[in-house]
Amino acid sequence: MAKREIIGKPLRGSLSSGATSPQNPDPSGSSISVSQHSPSEQRPLMMPANVRAGQVVGLVEITGGLESVIDVSRLADEFGADIATLLPILDAAEMLGLVKSDKGDVSLTELGRKFQKTSKRKILMLRDTLSKIEPFKTAMELASKNKKGVSVREISDALIEKGYRWHHNYELNEPLVQAILIHWAIYAELLSYNGKTGKFQLC
Amino acid sequence: MATAADKIGSTSEPVISVEHVSLDFRKEKEDLPVLVDVSMQALRNEFVTVTGPSGCGKSTLLRIIGGLGKATSGVVKFRGTPITKPTSEVAMIFQNFVLLPWKTALENVLFGLSSRSDMNEQQKKEASVSALESTGLKGFENVYPGELSGGMKQRVGIARALALQPQVLLMDEPFSSLDDLTAEHLRREIYSLLINPSSPIQSVIMVSHNVEEIVELSDKSVVLSARPAHVVDIVQNDLPRPRNKKAPEFFDKVDKIYSLLA
Amino acid sequence: MTAFTILGIAIDIIYSWTRMLVALGLSIVFSLAVGIVAARNKKAEAVIIPLLDVFQSIPILGFFPIVILGVIDVVHPEWLGVNVAVILLIFTSMSWNITFGVYEAVRSIPQDYIDLSQISGSSSWQRIVSLYIPSSLSRIAYNTQTSWAVGLFYLVSSEILTLGSKNYQASIGIGVAIYTFYDTGNFTGYIYAIIALIIAVVIWQLIFLREFSLWSEKYKFVEEPRGETKDPLMRVYSWVNHRSISKLFLIAHGSGVSRFTSSITRFKRGFKYAFFILIVLFVGFELGAFLLSPSPRSLPSLATILSYECCSSQSVLVALAVSFLRIWYVYFICVLVAVPLGIVIALHSKLYDTASPLLEVVASIPAPVLLPLFVADVTKNGEAIAAMIIFLGMIWYIIFNVMAGIRSLPAELWELRKGFQVSTYNAWRNIYLPASAAAFVTGSITAIGAAWNTLIIAEYFNLHLNGSSKLLTQVQIGIGKTISIAVQSNPANLTVLTLSILSMTALIVAFNLTVWRRVYHYTTKRFTYNR
Ligand SMILES: Nc1ncnc2c1ncn2[C@@H]1O[C@H](COP(=O)(O)OP(=O)(O)OP(=O)(O)O)[C@@H](O)[C@H]1O
Ligand SMILES: [Mg+2]
C-alpha cells in the first residue's frame with residue numbers, strides 16, 4: 001500500500017482499485033520518501049481509467065440529493081451500481097475536490113455543492129484542478145510544445161517515462177490514456193482532438 | 001415549473017394522432033396479430049412514453065409512427081395528415097445509437113441531414129455543430145464514435161435527430177444500452193433539452209420499459225398489454241418538474257404503472 | 001473420342017475422392033499433433049504459429065512441379081509417386097487451416113478442465129485422448145469444410161498439372177477425365193463430367209461434411225460465434241477467421257486483445273525463426289534433389305540464373321514483376337465486377353436467396369476445369385486467357401466476402417437509411433461501401449493469394465494426352481511460365497525452379513507483412529460496424 005502514500009491520499013480500504021496510484025517504475029521507493037519529506041513536491045495524482053466525467057457529475061448530483069453524510073454502500077445502492085464500480089468514481093470525485101470521504105462516509109465539499117448547482121458544462125469549473133492531474137498535465141505540456149498536436153502514443157510514452165501507467169502493457173496503455181484524455185480533457189476544454197489525425201492540441 | 005397543463009395549446013389539435021392502428025405479421029400463412037386497435041395522441045409540448053411487456057409491439061408501433069412500417073389498418077396522422085413514409089418532421093433516436101463508425105461525430109450528424117435539399121452545405125454544417133453543442137458535445141466534432149463512451153454516442157444520435165429541426169422526436173429505449181450512471185446523467189438533461197421554448201420539438205414519444213424513467217420523464221404514459229397489444233390505459237402525469245424520485249406521489253405513479261403492467 | 005459413362009465417371013470420382021480422403025486423414029493427424037503442441041507449449045508455439053502463417057501464404061501450387069520431381073525420383077513405381085505427390089499437395093493445402101483450428105480449440109479449453117485432468121492424475125496421453133482431441137473435434141469438422149473445398153481446387157489442379165508433362169501422369173481422376181473428354185473432342189462428355197463433379201461436391205457436402213459437423217457439435221464446450229453465415233459452401237469463401245489473415249494479421253484479430261499483446265513479441269521473434277527455417281528447408285530440398293536424382297545436374301552459374309531463357313531472355317525477377325502486375329490488373333477488373341455485384345445481391349433478400357446458392361455451385365467448380373471453354377487462339381489471346389483464369393480464381397473470394405460483410409450488418413442500419421431518407425447514392429457512398437470494406441479487404445487478401453496459385457496453369461500450360469500435345473495457355477512472360485518451363489525442360493532446371501519459387505514466396509510474404517497487414521489493420525479498425 002506504499003503506492004497510496006506516494007500520492008498522499010488516505011486509504012479507504014483494500015476494496016479501492018489501485019488504478020489511481022502511479023506505479024513507481026523505480027522499485028527502490030525513492031519517490032515515496034520524497035513525497036513523505038516534502039509534501040509540496042508531491043507527484044501529480046492520476047485520473048483513474050474508465051471513469052467518465054458524466055459519472056462523476058452523476059455521483060455529485062446523487063450525493064447532493066441525499067443527506068449531508070452518506071455511507072458508501074448506501075451510495076452504491078442509490079446508484080444501482082456495485083461498490084467496485086463506484087469506488088473509482090468516488091476516487092476521481094475526491095481527487096477533484098468535489099467530495100470528501102472519511103472511512104466510508106461520503107459528503108460533498110464546498111466546491112462539490114457549487115458544482116452541483118452549476119447548470120452548463122460543470123466540468124469547466126475543474127479546469128485548473130484537472131490540469132494538475134495526470135495524464136492531463138503531461139498531455140498539455142507536450143501539446144504546448146508542439147503546435148501541430150501530439151499523438152496518444154507520444155503522450156503515453158512520456159507518461160510511462162515519468163512512471164505513470166494505467167496498464168502494465170505498453171500497447172494497452174495507449175487506448176486507456178486516449179480514453180481518459182477524450183472523456184475529460186475535451187469536456188474541460190483543455191485539449192482538442194482530431195480523430196482523423198489522431199492528435200491532441202491545446203485548446 | 002412547467003407542467004403539461006400550463007403549456008399553451010395542449011387542448012389544440014394533436015401533433016401525432018394514432019387512430020385505430022392494428023397490425024398483423026404474416027408468418028407462413030398464419031397471421032400473427034401484434035397491434036390491436038391502438039389509439040393514442042401526443043399533444044403539443046407533451047412527452048409521451050409507451051410501455052408494455054417485452055415483445056408486445058412497442059417498437060413496432062413506434063416504427064409505424066415514424067413511417068418506417070405500415071399498419072394493417074388504421075392511420076397515424078401528423079398534424080392531421082396521414083404518415084405513410086418517413087419525413088424530416090419526425091426524427092428517430094435508436095436504442096443502439098446506429099452511428100457510422102467511419103464517420104466522425106460531426107459527419108454522422110451531417111449524414112442525417114443528407115436528404116435536406118433545402119439547406120446548403122454551410123447551413124448543414126452550422127446546424128450540425130450547434131446540435132452537437134446543445135447535446136453537450138462541443139469539442140467532440142472530430143472524434144470517431146469508437147472513441148466515445150456509450151452516453152456520448154447516444155448524444156451524437158440525439159444531435160443527429162435534433163439537427164433536422166424535427167417537430168416530433170421518437171425514441172426507442174434510448175437509455176437502455178447505457179450503464180446506470182450514464183443513463184441517469186443523460187436522463188436529467190433530456191427533458192429540458194428537448195422541450196423548451198427555443199426547441200422546435202413539440203412532442204416526444206419514447207418507448208421504455210423502465211417504469212421509474214417513465215414516471216420521471218413523461219407527461220403521459222401509454223401502457224400496452226402483452227401481445228397482441230392493445231391500450232390498457234393512458235396515465236396522465238402532472239408531477240412538477242424536476243421530479244423528486246423520493247416523493248410519495250412519485251411512488252404512487254410508479255405503483256400505478258406497475259399494476260397496469262401486471 | 002472417349003465416351004462418357006456413369007460408371008467411368010464414378011470410378012474417376014472415387015479415385016479423386018480417395019486422394020482427398022487420404023490427404024484429409026493425414027491433415028487431421030498432422031493438425032492434432034502440431035496444433036496440440038503449439039497450444040500447450042509456449043516455445044513450440046513461438047516457432048509453429050509464424051511458420052504456419054508463412055506456409056499459408058505460399059502459393060502451394062507453385063511447389064507442385066518441384067514436389068512431383070522430388071517424389072517421383074524417390075517413390076517407385078511411377079504411378080505411386082504421382083499419387084503421393086498429388087496427395088502431398090492436397091495435404092499442404094488442407095492442413096494449415098485445420099491446424100489453426102486445433103490450436104485455437106485446445107487453447108480455449110477452460111482452465112478448469114485442464115486443472116481437473118491434472119488433479120485426477122491422468123497422464124499426458126490420457127489428457128490428449130480424453131480432453132484435447134474431443135475438444136478439437138468441432139473445430140476440425142468446421143475447418144474441414146473449408147479445407148475440403150480448398151483441397152478440391154488443388155486436387156483438380158494437380159491432376160491436370162500432371163497432364164502438363166509427358167513424363168508422369170495421373171491416369172484416373174475427375175480432373176484427368178474432364179481433360180480427356182475435352183482432348184478427344186467429346187464436348188458433351190466434358191460438360192457431363194463437370195456436372196458430375198458438381199453433383200459429387202454437393203452430395204458430399206450434404207452427407208459427409210454436414211454429418212461430421214453435426215456429430216462434432218456435441219463435443220463443444222461453449223457456443224462460440226463463428227462467422228456470419230451457417231452455409232458451409234459460402235463459408236469457404238469467407239474465411240474471415242480461418243485463413244492467412246487471421247494469424248498473419250494477428251494484430252487486428254479480435255480474439256482477445258490480451259492474448260494478442262502477449263504474443264506480439266513472440267510473434268516477431270517467431271517470424272525470424274520461420275524465415276530461417278524456410279530457407280533451410282529450401283536449401284535442404286535442393287541439395288536433396290541433386291543428390292537423389294539419378295543423373296546429377298550441373299550447377300548453373302549466377303549469370304545463367306539471372307538471364308534464364310524461357311522464351312526470350314528474361315530474368316526470373318522480371319517474370320515475377322510481370323506476373324505481379326498481371327495479377328493486380330486482373331484484380332482491379334475483378335473488384336469492379338465483384339464489389340457492386342456482391343453488394344447488390346446482398347442487399348436484395350429475394351435476389352440473394354436465389355443467386356447465392358447458384359453462385360456457390362458455380363464457385364465450387366475449380367477454375368482450371370473451365371479452362372478448355374476459353375481456349376481460342378493461344379498465340380494471339382494468351383494474355384486474355386490467362387486473365388480469365390486468374391479472374392475466375394479470384395472473384396469468388398471478393399463476392400462472397402462482400403456479401404457476407406453486407407449481410408452481417410444489423411437491420412438498424414437499414415432503419416437509419418429509411419428514417420433519415422438517405423438517397424441511394426448517399427447510402428452506397430456512406431453506408432454500403434464503407435461497411436463492406438473490412439470484408440472486402442479480407443476477401444482481397446485471399447483472392448490475391450489464390451491468384452498466385454492459378455498462375456501455374458494460367459500462364460503456361462501444355463496439355464499432353466495420348467501422345468499429342470496441345471498448348472492451352474501461354475503468355476509472353478510470367479513467373480508461372482518460368483516455373484512450368486523449368487520443370488519441363490529435360491533435365492528439369494531445378495535452380496531456376498527453386499529461385500522462382502523462393503522469390504515468389506518472398507514477394508508474397510513481404511507484401512502481406514507490409515502492405516496488406518497495414519491495410520487490414522486500418523480497415524478493420526475504422527470500417528467495422530459494431531455498436
Ligand atoms: N418483421 C417481423 N415479422 C414477424 N414478426 C415480427 C416482425 N417484427 C417483430 N415481430 C414480432 O412482433 C412482436 C413485437 O415486436 P416488437 O419488437 O415491436 O416488440 P417490443 O415491444 O418492442 O419488444 P421489446 O420489449 O423486446 O423491445 C414480437 O413478438 C416480434 O417477434
Ligand atoms: Mg423493442
# chains A, B, ... in the order shown; residues from 1 in each chain; ligands from 1
call {"tool": "residues_near_ligand", "arguments": {"ligand": "ligand 2", "cutoff": "7 Å", "atoms": "only C-alpha atoms and all ligand atoms", "output": "list in words"}}
result
Gly55, Gly57, Lys58, Ser59 and Asp172 of chain B
call {"tool": "write_last_selection", "arguments": {"atoms": "N, CA, C and O atoms", "output": "PDB file, in the first residue's frame"}}
result
ATOM      1  N   GLY B  55     -41.676  -7.634 -25.938  1.00  0.00           N
ATOM      2  CA  GLY B  55     -42.158  -8.314 -27.134  1.00  0.00           C
ATOM      3  C   GLY B  55     -43.591  -8.010 -27.494  1.00  0.00           C
ATOM      4  O   GLY B  55     -44.179  -8.674 -28.359  1.00  0.00           O
ATOM      5  N   GLY B  57     -44.913  -5.235 -28.827  1.00  0.00           N
ATOM      6  CA  GLY B  57     -45.101  -4.493 -30.068  1.00  0.00           C
ATOM      7  C   GLY B  57     -44.824  -3.006 -29.945  1.00  0.00           C
ATOM      8  O   GLY B  57     -45.239  -2.223 -30.796  1.00  0.00           O
ATOM      9  N   LYS B  58     -44.097  -2.611 -28.919  1.00  0.00           N
ATOM     10  CA  LYS B  58     -43.785  -1.193 -28.722  1.00  0.00           C
ATOM     11  C   LYS B  58     -42.952  -0.645 -29.866  1.00  0.00           C
ATOM     12  O   LYS B  58     -43.277   0.398 -30.446  1.00  0.00           O
ATOM     13  N   SER B  59     -41.906  -1.374 -30.193  1.00  0.00           N
ATOM     14  CA  SER B  59     -41.034  -0.901 -31.270  1.00  0.00           C
ATOM     15  C   SER B  59     -41.795  -0.853 -32.584  1.00  0.00           C
ATOM     16  O   SER B  59     -41.624   0.066 -33.385  1.00  0.00           O
ATOM     17  N   ASP B 172     -36.652   4.948 -29.159  1.00  0.00           N
ATOM     18  CA  ASP B 172     -36.920   3.566 -28.752  1.00  0.00           C
ATOM     19  C   ASP B 172     -35.883   3.158 -27.700  1.00  0.00           C
ATOM     20  O   ASP B 172     -34.738   2.882 -28.030  1.00  0.00           O
TER      21      ASP B 172
END
call {"tool": "residues_near_ligand", "arguments": {"ligand": "ligand 1", "cutoff": "9 Å", "atoms": "only C-alpha atoms and all ligand atoms", "output": "PyMOL selection string"}}
result
chain B and resi 24-27+32-35+51-63+172-173+207-209+224+226-229
call {"tool": "closest_atom_pairs", "arguments": {"of": "chain B", "to": "chain C", "cutoff": "10 Å", "atoms": "only C-alpha atoms", "output": "CSV"}}
result
residue,atom,partner,partner_atom,distance
B:Arg63,CA,C:Glu415,CA,9.0
B:Gly66,CA,C:Gly419,CA,7.4
B:Gly67,CA,C:Gly419,CA,7.8
B:Leu68,CA,C:Gly419,CA,6.6
B:Gly69,CA,C:Glu415,CA,9.9
B:Lys85,CA,C:Gly419,CA,8.6
B:Pro86,CA,C:Gly419,CA,5.5
B:Thr87,CA,C:Gln421,CA,7.4
B:Ser88,CA,C:Phe420,CA,7.1
B:Val90,CA,C:Gly419,CA,8.7
B:Ala91,CA,C:Gly419,CA,7.2
B:Met92,CA,C:Gly419,CA,6.8
B:Ile93,CA,C:Leu416,CA,9.2
B:Phe94,CA,C:Glu412,CA,8.1
B:Gln95,CA,C:Glu412,CA,9.3
B:Asn96,CA,C:Arg531,CA,6.6
B:Phe97,CA,C:Arg531,CA,7.6
B:Val98,CA,C:Leu413,CA,6.4
B:Leu99,CA,C:Arg531,CA,8.0
B:Leu100,CA,C:Tyr529,CA,7.2
B:Pro101,CA,C:Tyr529,CA,6.3
B:Trp102,CA,C:Arg526,CA,5.5
B:Lys103,CA,C:Asn430,CA,8.6
B:Asn108,CA,C:Asn430,CA,9.8
B:Phe111,CA,C:Val422,CA,8.2
B:Gly112,CA,C:Phe420,CA,5.7
B:Leu113,CA,C:Phe420,CA,7.5
B:Ser114,CA,C:Val422,CA,6.4
B:Ser115,CA,C:Val422,CA,5.7
B:Arg116,CA,C:Gln421,CA,9.0
B:Tyr144,CA,C:Arg526,CA,8.9
B:Pro145,CA,C:Arg531,CA,9.1
B:Gly146,CA,C:Arg531,CA,8.5
B:Gly150,CA,C:Arg531,CA,9.0
B:Lys153,CA,C:Arg531,CA,9.5
B:Arg160,CA,C:Phe420,CA,9.5
B:Ala161,CA,C:Phe420,CA,8.8
B:Leu164,CA,C:Phe420,CA,9.1
B:Ser177,CA,C:Arg531,CA,9.9
call {"tool": "write_last_selection", "arguments": {"atoms": "C-alpha atoms", "output": "PDB file, in the first residue's frame"}}
result
ATOM      1  CA  ARG B  63     -41.841   2.336 -36.381  1.00  0.00           C
ATOM      2  CA  GLY B  66     -42.193   7.099 -37.824  1.00  0.00           C
ATOM      3  CA  GLY B  67     -43.404   5.906 -41.213  1.00  0.00           C
ATOM      4  CA  LEU B  68     -40.921   3.038 -41.220  1.00  0.00           C
ATOM      5  CA  GLY B  69     -43.575   0.355 -41.055  1.00  0.00           C
ATOM      6  CA  LYS B  85     -43.260   7.356 -45.148  1.00  0.00           C
ATOM      7  CA  PRO B  86     -40.514   8.867 -43.039  1.00  0.00           C
ATOM      8  CA  THR B  87     -40.332  12.654 -43.086  1.00  0.00           C
ATOM      9  CA  SER B  88     -37.837  15.030 -41.574  1.00  0.00           C
ATOM     10  CA  VAL B  90     -40.445  13.198 -37.380  1.00  0.00           C
ATOM     11  CA  ALA B  91     -36.946  12.136 -36.290  1.00  0.00           C
ATOM     12  CA  MET B  92     -35.732   8.923 -34.700  1.00  0.00           C
ATOM     13  CA  ILE B  93     -33.306   8.072 -31.955  1.00  0.00           C
ATOM     14  CA  PHE B  94     -32.213   4.466 -31.799  1.00  0.00           C
ATOM     15  CA  GLN B  95     -31.587   2.173 -28.901  1.00  0.00           C
ATOM     16  CA  ASN B  96     -28.171   1.197 -30.215  1.00  0.00           C
ATOM     17  CA  PHE B  97     -27.283   4.675 -31.467  1.00  0.00           C
ATOM     18  CA  VAL B  98     -26.646   3.435 -35.032  1.00  0.00           C
ATOM     19  CA  LEU B  99     -23.722   5.707 -35.732  1.00  0.00           C
ATOM     20  CA  LEU B 100     -21.483   5.084 -38.699  1.00  0.00           C
ATOM     21  CA  PRO B 101     -18.091   4.209 -37.218  1.00  0.00           C
ATOM     22  CA  TRP B 102     -16.235   5.514 -40.248  1.00  0.00           C
ATOM     23  CA  LYS B 103     -17.623   8.987 -39.749  1.00  0.00           C
ATOM     24  CA  ASN B 108     -22.578  11.479 -38.534  1.00  0.00           C
ATOM     25  CA  PHE B 111     -25.174  12.445 -42.676  1.00  0.00           C
ATOM     26  CA  GLY B 112     -28.564  12.709 -41.007  1.00  0.00           C
ATOM     27  CA  LEU B 113     -29.087  15.907 -42.967  1.00  0.00           C
ATOM     28  CA  SER B 114     -28.123  14.428 -46.312  1.00  0.00           C
ATOM     29  CA  SER B 115     -31.707  14.365 -47.537  1.00  0.00           C
ATOM     30  CA  ARG B 116     -32.253  18.048 -46.813  1.00  0.00           C
ATOM     31  CA  TYR B 144     -14.975   8.995 -34.086  1.00  0.00           C
ATOM     32  CA  PRO B 145     -17.810   7.092 -32.405  1.00  0.00           C
ATOM     33  CA  GLY B 146     -15.421   4.289 -31.487  1.00  0.00           C
ATOM     34  CA  GLY B 150     -21.930   4.970 -24.788  1.00  0.00           C
ATOM     35  CA  LYS B 153     -22.624   8.091 -28.642  1.00  0.00           C
ATOM     36  CA  ARG B 160     -28.324  13.888 -35.421  1.00  0.00           C
ATOM     37  CA  ALA B 161     -32.063  13.914 -34.830  1.00  0.00           C
ATOM     38  CA  LEU B 164     -33.146  18.019 -38.607  1.00  0.00           C
ATOM     39  CA  SER B 177     -27.940   0.310 -23.614  1.00  0.00           C
TER      40      SER B 177
END
call {"tool": "residues_around", "arguments": {"residues": "segment 196-200 of chain B", "least_positions_apart": "2", "cutoff": "9 Å", "atoms": "only C-alpha atoms", "output": "PDB file with N, CA and C atoms, in the first residue's frame"}}
result
ATOM      1  N   ASN B  45     -46.088  19.992 -26.854  1.00  0.00           N
ATOM      2  CA  ASN B  45     -45.252  20.036 -25.647  1.00  0.00           C
ATOM      3  C   ASN B  45     -45.475  18.846 -24.710  1.00  0.00           C
ATOM      4  N   LEU B 162     -31.791  16.071 -33.714  1.00  0.00           N
ATOM      5  CA  LEU B 162     -32.112  17.480 -33.479  1.00  0.00           C
ATOM      6  C   LEU B 162     -31.714  18.373 -34.655  1.00  0.00           C
ATOM      7  N   GLN B 165     -34.138  19.585 -37.040  1.00  0.00           N
ATOM      8  CA  GLN B 165     -35.155  20.508 -36.531  1.00  0.00           C
ATOM      9  C   GLN B 165     -36.538  19.869 -36.631  1.00  0.00           C
ATOM     10  N   PRO B 166     -36.684  18.668 -36.079  1.00  0.00           N
ATOM     11  CA  PRO B 166     -37.950  17.964 -36.238  1.00  0.00           C
ATOM     12  C   PRO B 166     -39.006  18.505 -35.279  1.00  0.00           C
ATOM     13  N   GLN B 167     -40.239  18.235 -35.589  1.00  0.00           N
ATOM     14  CA  GLN B 167     -41.307  18.644 -34.668  1.00  0.00           C
ATOM     15  C   GLN B 167     -41.643  17.517 -33.698  1.00  0.00           C
ATOM     16  N   VAL B 168     -41.358  16.299 -34.140  1.00  0.00           N
ATOM     17  CA  VAL B 168     -41.640  15.147 -33.288  1.00  0.00           C
ATOM     18  C   VAL B 168     -40.368  14.325 -33.172  1.00  0.00           C
ATOM     19  N   TYR B 191     -35.038  16.096 -20.836  1.00  0.00           N
ATOM     20  CA  TYR B 191     -36.332  16.762 -20.931  1.00  0.00           C
ATOM     21  C   TYR B 191     -36.169  18.230 -21.304  1.00  0.00           C
ATOM     22  N   SER B 192     -35.288  18.918 -20.552  1.00  0.00           N
ATOM     23  CA  SER B 192     -35.139  20.350 -20.839  1.00  0.00           C
ATOM     24  C   SER B 192     -34.442  20.580 -22.171  1.00  0.00           C
ATOM     25  N   LEU B 193     -33.659  19.599 -22.591  1.00  0.00           N
ATOM     26  CA  LEU B 193     -33.009  19.715 -23.892  1.00  0.00           C
ATOM     27  C   LEU B 193     -34.046  19.659 -25.015  1.00  0.00           C
ATOM     28  N   LEU B 194     -35.007  18.763 -24.850  1.00  0.00           N
ATOM     29  CA  LEU B 194     -35.952  18.545 -25.945  1.00  0.00           C
ATOM     30  C   LEU B 194     -37.120  19.513 -25.896  1.00  0.00           C
ATOM     31  N   GLN B 202     -42.092  19.558 -30.641  1.00  0.00           N
ATOM     32  CA  GLN B 202     -43.369  19.777 -29.978  1.00  0.00           C
ATOM     33  C   GLN B 202     -43.838  18.556 -29.200  1.00  0.00           C
TER      34      GLN B 202
END
call {"tool": "closest_atom_pairs", "arguments": {"of": "chain A", "to": "chain B", "cutoff": "12 Å", "atoms": "only C-alpha atoms", "output": "CSV"}}
result
residue,atom,partner,partner_atom,distance
A:Asn50,CA,B:Ser149,CA,9.7
A:Val51,CA,B:Ser149,CA,10.4
A:Arg52,CA,B:Ser149,CA,8.2
A:Ala53,CA,B:Thr182,CA,9.5
A:Gly54,CA,B:Thr182,CA,6.2
A:Gln55,CA,B:Leu181,CA,5.7
A:Val56,CA,B:Leu181,CA,8.9
A:Val57,CA,B:His185,CA,7.3
A:Gly58,CA,B:His185,CA,5.5
A:Leu59,CA,B:Leu181,CA,7.9
A:Val60,CA,B:His185,CA,10.6
A:Glu61,CA,B:His185,CA,8.8
A:Ile62,CA,B:Glu184,CA,9.5
A:Gly65,CA,B:Asn244,CA,9.4
A:Leu66,CA,B:Lys246,CA,9.9
A:Leu75,CA,B:Leu181,CA,12.0
A:Ala76,CA,B:Leu181,CA,10.6
A:Asp77,CA,B:Asp180,CA,11.5
A:Glu78,CA,B:Leu181,CA,10.2
A:Phe79,CA,B:Leu181,CA,6.7
A:Gly80,CA,B:Asp180,CA,6.7
A:Ala81,CA,B:Asp180,CA,7.2
A:Asp82,CA,B:Asp180,CA,10.7
A:Thr85,CA,B:Leu181,CA,10.0
A:Leu86,CA,B:Leu181,CA,9.7
A:Ile89,CA,B:Leu181,CA,10.3
A:Ser119,CA,B:Glu189,CA,9.8
A:Lys120,CA,B:Gly136,CA,8.6
A:Arg121,CA,B:Gly136,CA,7.4
A:Lys122,CA,B:Gly136,CA,10.7
A:Ile123,CA,B:Gly136,CA,11.1
A:Pro175,CA,B:Glu147,CA,9.0
A:Leu176,CA,B:Glu147,CA,10.6
A:Val177,CA,B:Glu147,CA,11.5
A:Gln178,CA,B:Glu147,CA,8.2
A:Ala179,CA,B:Glu147,CA,7.0
A:Ile180,CA,B:Glu147,CA,10.4
A:Leu181,CA,B:Glu147,CA,10.6
A:Ile182,CA,B:Leu148,CA,7.7
A:His183,CA,B:Leu148,CA,7.7
A:Trp184,CA,B:Gly139,CA,11.2
A:Ala185,CA,B:Gly139,CA,9.8
A:Ile186,CA,B:Gly139,CA,6.0
A:Tyr187,CA,B:Gly139,CA,7.1
A:Ala188,CA,B:Gly139,CA,9.4
A:Glu189,CA,B:Gly139,CA,7.3
A:Leu190,CA,B:Gly139,CA,10.0
A:Leu191,CA,B:Gly139,CA,8.7
A:Ser192,CA,B:Gly139,CA,6.3
A:Tyr193,CA,B:Val143,CA,6.8
A:Asn194,CA,B:Asn142,CA,5.0
A:Gly195,CA,B:Val143,CA,4.7
A:Lys196,CA,B:Asn142,CA,7.2
A:Thr197,CA,B:Asn142,CA,9.5
A:Gly198,CA,B:Val143,CA,8.9
A:Lys199,CA,B:Val143,CA,10.5
A:Phe200,CA,B:Val143,CA,10.8
A:Gln201,CA,B:Gly139,CA,11.4
A:Leu202,CA,B:Gly139,CA,11.7
A:Cys203,CA,B:Gly139,CA,9.2
call {"tool": "residues_around", "arguments": {"residues": "segment 210-223 of chain B", "least_positions_apart": "2", "cutoff": "6 Å", "atoms": "only C-alpha atoms", "output": "compact mmCIF listing (two decimals) with all heavy atoms, in the first residue's frame"}}
result
# COMPACT_ATOMS: atom_id res chain seq x y z
N GLU B 46 -45.88 17.75 -25.28
CA GLU B 46 -46.08 16.58 -24.45
C GLU B 46 -44.94 15.59 -24.62
O GLU B 46 -44.48 15.36 -25.75
CB GLU B 46 -47.40 15.89 -24.81
CG GLU B 46 -48.31 15.77 -23.62
CD GLU B 46 -49.61 15.06 -23.96
OE1 GLU B 46 -49.79 14.61 -25.11
OE2 GLU B 46 -50.43 14.95 -23.07
N PHE B 47 -44.51 15.04 -23.51
CA PHE B 47 -43.53 13.96 -23.53
C PHE B 47 -44.32 12.68 -23.24
O PHE B 47 -44.77 12.48 -22.12
CB PHE B 47 -42.46 14.21 -22.46
CG PHE B 47 -41.23 13.37 -22.62
CD1 PHE B 47 -40.00 13.96 -22.87
CD2 PHE B 47 -41.29 11.98 -22.51
CE1 PHE B 47 -38.85 13.18 -23.01
CE2 PHE B 47 -40.15 11.21 -22.65
CZ PHE B 47 -38.93 11.82 -22.90
N VAL B 48 -44.52 11.87 -24.27
CA VAL B 48 -45.35 10.68 -24.13
C VAL B 48 -44.46 9.45 -24.06
O VAL B 48 -43.51 9.33 -24.85
CB VAL B 48 -46.31 10.54 -25.34
CG1 VAL B 48 -47.19 9.31 -25.20
CG2 VAL B 48 -47.16 11.79 -25.49
N THR B 49 -44.74 8.56 -23.12
CA THR B 49 -43.99 7.31 -23.12
C THR B 49 -44.93 6.17 -23.47
O THR B 49 -46.14 6.24 -23.21
CB THR B 49 -43.36 7.02 -21.75
OG1 THR B 49 -44.40 7.03 -20.76
CG2 THR B 49 -42.32 8.05 -21.40
N VAL B 50 -44.37 5.14 -24.08
CA VAL B 50 -45.13 3.94 -24.40
C VAL B 50 -44.43 2.80 -23.69
O VAL B 50 -43.22 2.62 -23.82
CB VAL B 50 -45.13 3.68 -25.93
CG1 VAL B 50 -45.85 2.39 -26.24
CG2 VAL B 50 -45.78 4.85 -26.66
N THR B 51 -45.21 2.05 -22.94
CA THR B 51 -44.60 0.92 -22.25
C THR B 51 -45.50 -0.30 -22.39
O THR B 51 -46.64 -0.21 -22.82
CB THR B 51 -44.33 1.25 -20.76
OG1 THR B 51 -43.55 0.21 -20.20
CG2 THR B 51 -45.61 1.38 -19.97
N GLY B 52 -44.96 -1.43 -22.03
CA GLY B 52 -45.71 -2.68 -22.15
C GLY B 52 -44.76 -3.83 -21.97
O GLY B 52 -43.55 -3.64 -21.97
N SER B 208 -40.22 2.74 -23.56
CA SER B 208 -39.36 2.40 -22.44
C SER B 208 -40.00 1.28 -21.64
O SER B 208 -41.21 1.12 -21.63
CB SER B 208 -39.17 3.61 -21.54
OG SER B 208 -38.51 3.23 -20.36
N VAL B 231 -54.30 -0.92 -25.97
CA VAL B 231 -54.00 0.07 -24.95
C VAL B 231 -54.73 -0.31 -23.66
O VAL B 231 -55.95 -0.43 -23.65
CB VAL B 231 -54.43 1.47 -25.40
CG1 VAL B 231 -54.19 2.48 -24.28
CG2 VAL B 231 -53.67 1.88 -26.64
N VAL B 232 -53.96 -0.57 -22.60
CA VAL B 232 -54.59 -0.90 -21.32
C VAL B 232 -55.10 0.38 -20.65
O VAL B 232 -56.22 0.44 -20.19
CB VAL B 232 -53.58 -1.60 -20.39
CG1 VAL B 232 -54.21 -1.88 -19.04
CG2 VAL B 232 -53.10 -2.89 -21.02
N ASP B 233 -54.21 1.37 -20.63
CA ASP B 233 -54.61 2.62 -20.01
C ASP B 233 -53.64 3.71 -20.43
O ASP B 233 -52.52 3.40 -20.89
CB ASP B 233 -54.59 2.49 -18.47
CG ASP B 233 -55.43 3.59 -17.81
OD1 ASP B 233 -55.94 4.47 -18.53
OD2 ASP B 233 -55.54 3.56 -16.56
N ILE B 234 -54.07 4.95 -20.29
CA ILE B 234 -53.16 6.06 -20.54
C ILE B 234 -53.09 6.87 -19.25
O ILE B 234 -54.10 7.38 -18.77
CB ILE B 234 -53.66 6.93 -21.71
CG1 ILE B 234 -53.62 6.07 -23.00
CG2 ILE B 234 -52.77 8.15 -21.87
CD1 ILE B 234 -54.05 6.80 -24.25
N VAL B 235 -51.90 6.91 -18.65
CA VAL B 235 -51.74 7.53 -17.34
C VAL B 235 -51.21 8.95 -17.51
O VAL B 235 -50.14 9.16 -18.08
CB VAL B 235 -50.74 6.72 -16.49
CG1 VAL B 235 -50.61 7.33 -15.10
CG2 VAL B 235 -51.19 5.27 -16.40
N GLN B 236 -51.99 9.93 -17.03
CA GLN B 236 -51.51 11.31 -17.05
C GLN B 236 -50.56 11.50 -15.89
O GLN B 236 -50.70 10.89 -14.84
CB GLN B 236 -52.70 12.28 -16.91
CG GLN B 236 -53.60 12.35 -18.14
CD GLN B 236 -52.91 12.99 -19.34
OE1 GLN B 236 -52.02 13.79 -19.19
NE2 GLN B 236 -53.33 12.58 -20.54
N ASN B 237 -49.56 12.35 -16.09
CA ASN B 237 -48.57 12.56 -15.06
C ASN B 237 -48.25 14.05 -14.97
O ASN B 237 -47.53 14.58 -15.79
CB ASN B 237 -47.31 11.75 -15.40
CG ASN B 237 -46.22 11.89 -14.36
OD1 ASN B 237 -46.33 12.71 -13.45
ND2 ASN B 237 -45.19 11.10 -14.47
